Amino acid sequence: MKISTKGRYGLTIMIELAKKYGEGPVSLKSIAQANDLSEHYLEQLIAPLRNAGLVKSIRGAYGGYILADKPSKITTGDIIRVLEGPITPVEGIEDEEPVKRALWIRIRDAVKDVLDSTTIEDLANHKDEGDVDSYMFYI
């Protein structure tokens, strides 16, 4: 299974909205600028997220987008399914011989478990512990 830019950038939108949750609407322009992404491309991705009920649009001069629910209630699986479709590592699993089918099903279930147990709140609050700046070196 390969996640395209649709899924990756869609997660970026949702993480940015989760970071600003409760502070009011966030514009796609600000998300695009902060992440060096195309605002036009983000506009294409926000529509299916809105149609799926994951985000709400707020009109007006200070409008933008907000999450439709708490960040703790929206999983990465919800987002990936909307933007990428069903989670499956191999097409036509049912046509595989039983030994291979069992492997593909185990892989699919493991990926689903990770996506469905990881919320956008988890991602918004994540601190990169492997970041070079987090280490102090003494000479």
# chains A, B, ... in the order shown; residues from 1 in each chain; ligands from 1

call {"tool": "residues_around", "arguments": {"residues": "region 110-113 of chain A", "least_positions_apart": "4", "cutoff": "10 Å", "atoms": "only C-alpha atoms", "output": "ChimeraX atom specification"}}
result
/A:1,76-77,86-89,104-106,117-118

call {"tool": "select_by_dssp", "arguments": {"residues": "region 8-136 of chain A", "states": "strand (DSSP E)", "output": "ChimeraX atom specification"}}
result
/A:55-58,64-67

call {"tool": "closest_residue", "arguments": {"among": "A:Val82, A:Pro71, A:Leu45, A:Tyr9", "to": "Asn125 (chain A)", "atoms": "only C-alpha atoms"}}
result
A:Pro71

call {"tool": "closest_residue", "arguments": {"among": "A:Leu42, A:Lys70, A:Ser4, A:Ala34", "to": "Gly22 (chain A)", "atoms": "only C-alpha atoms"}}
result
A:Lys70

call {"tool": "select_by_dssp", "arguments": {"residues": "chain A", "states": "alpha helix (DSSP H)", "output": "PyMOL selection string"}}
result
chain A and resi 5-19+28-35+39-51+76-84+98-117+120-124

call {"tool": "closest_residue", "arguments": {"among": "A:Gly10, A:Gly64, A:Gly53, A:Pro98", "to": "Val26 (chain A)", "atoms": "only C-alpha atoms"}}
result
A:Gly64
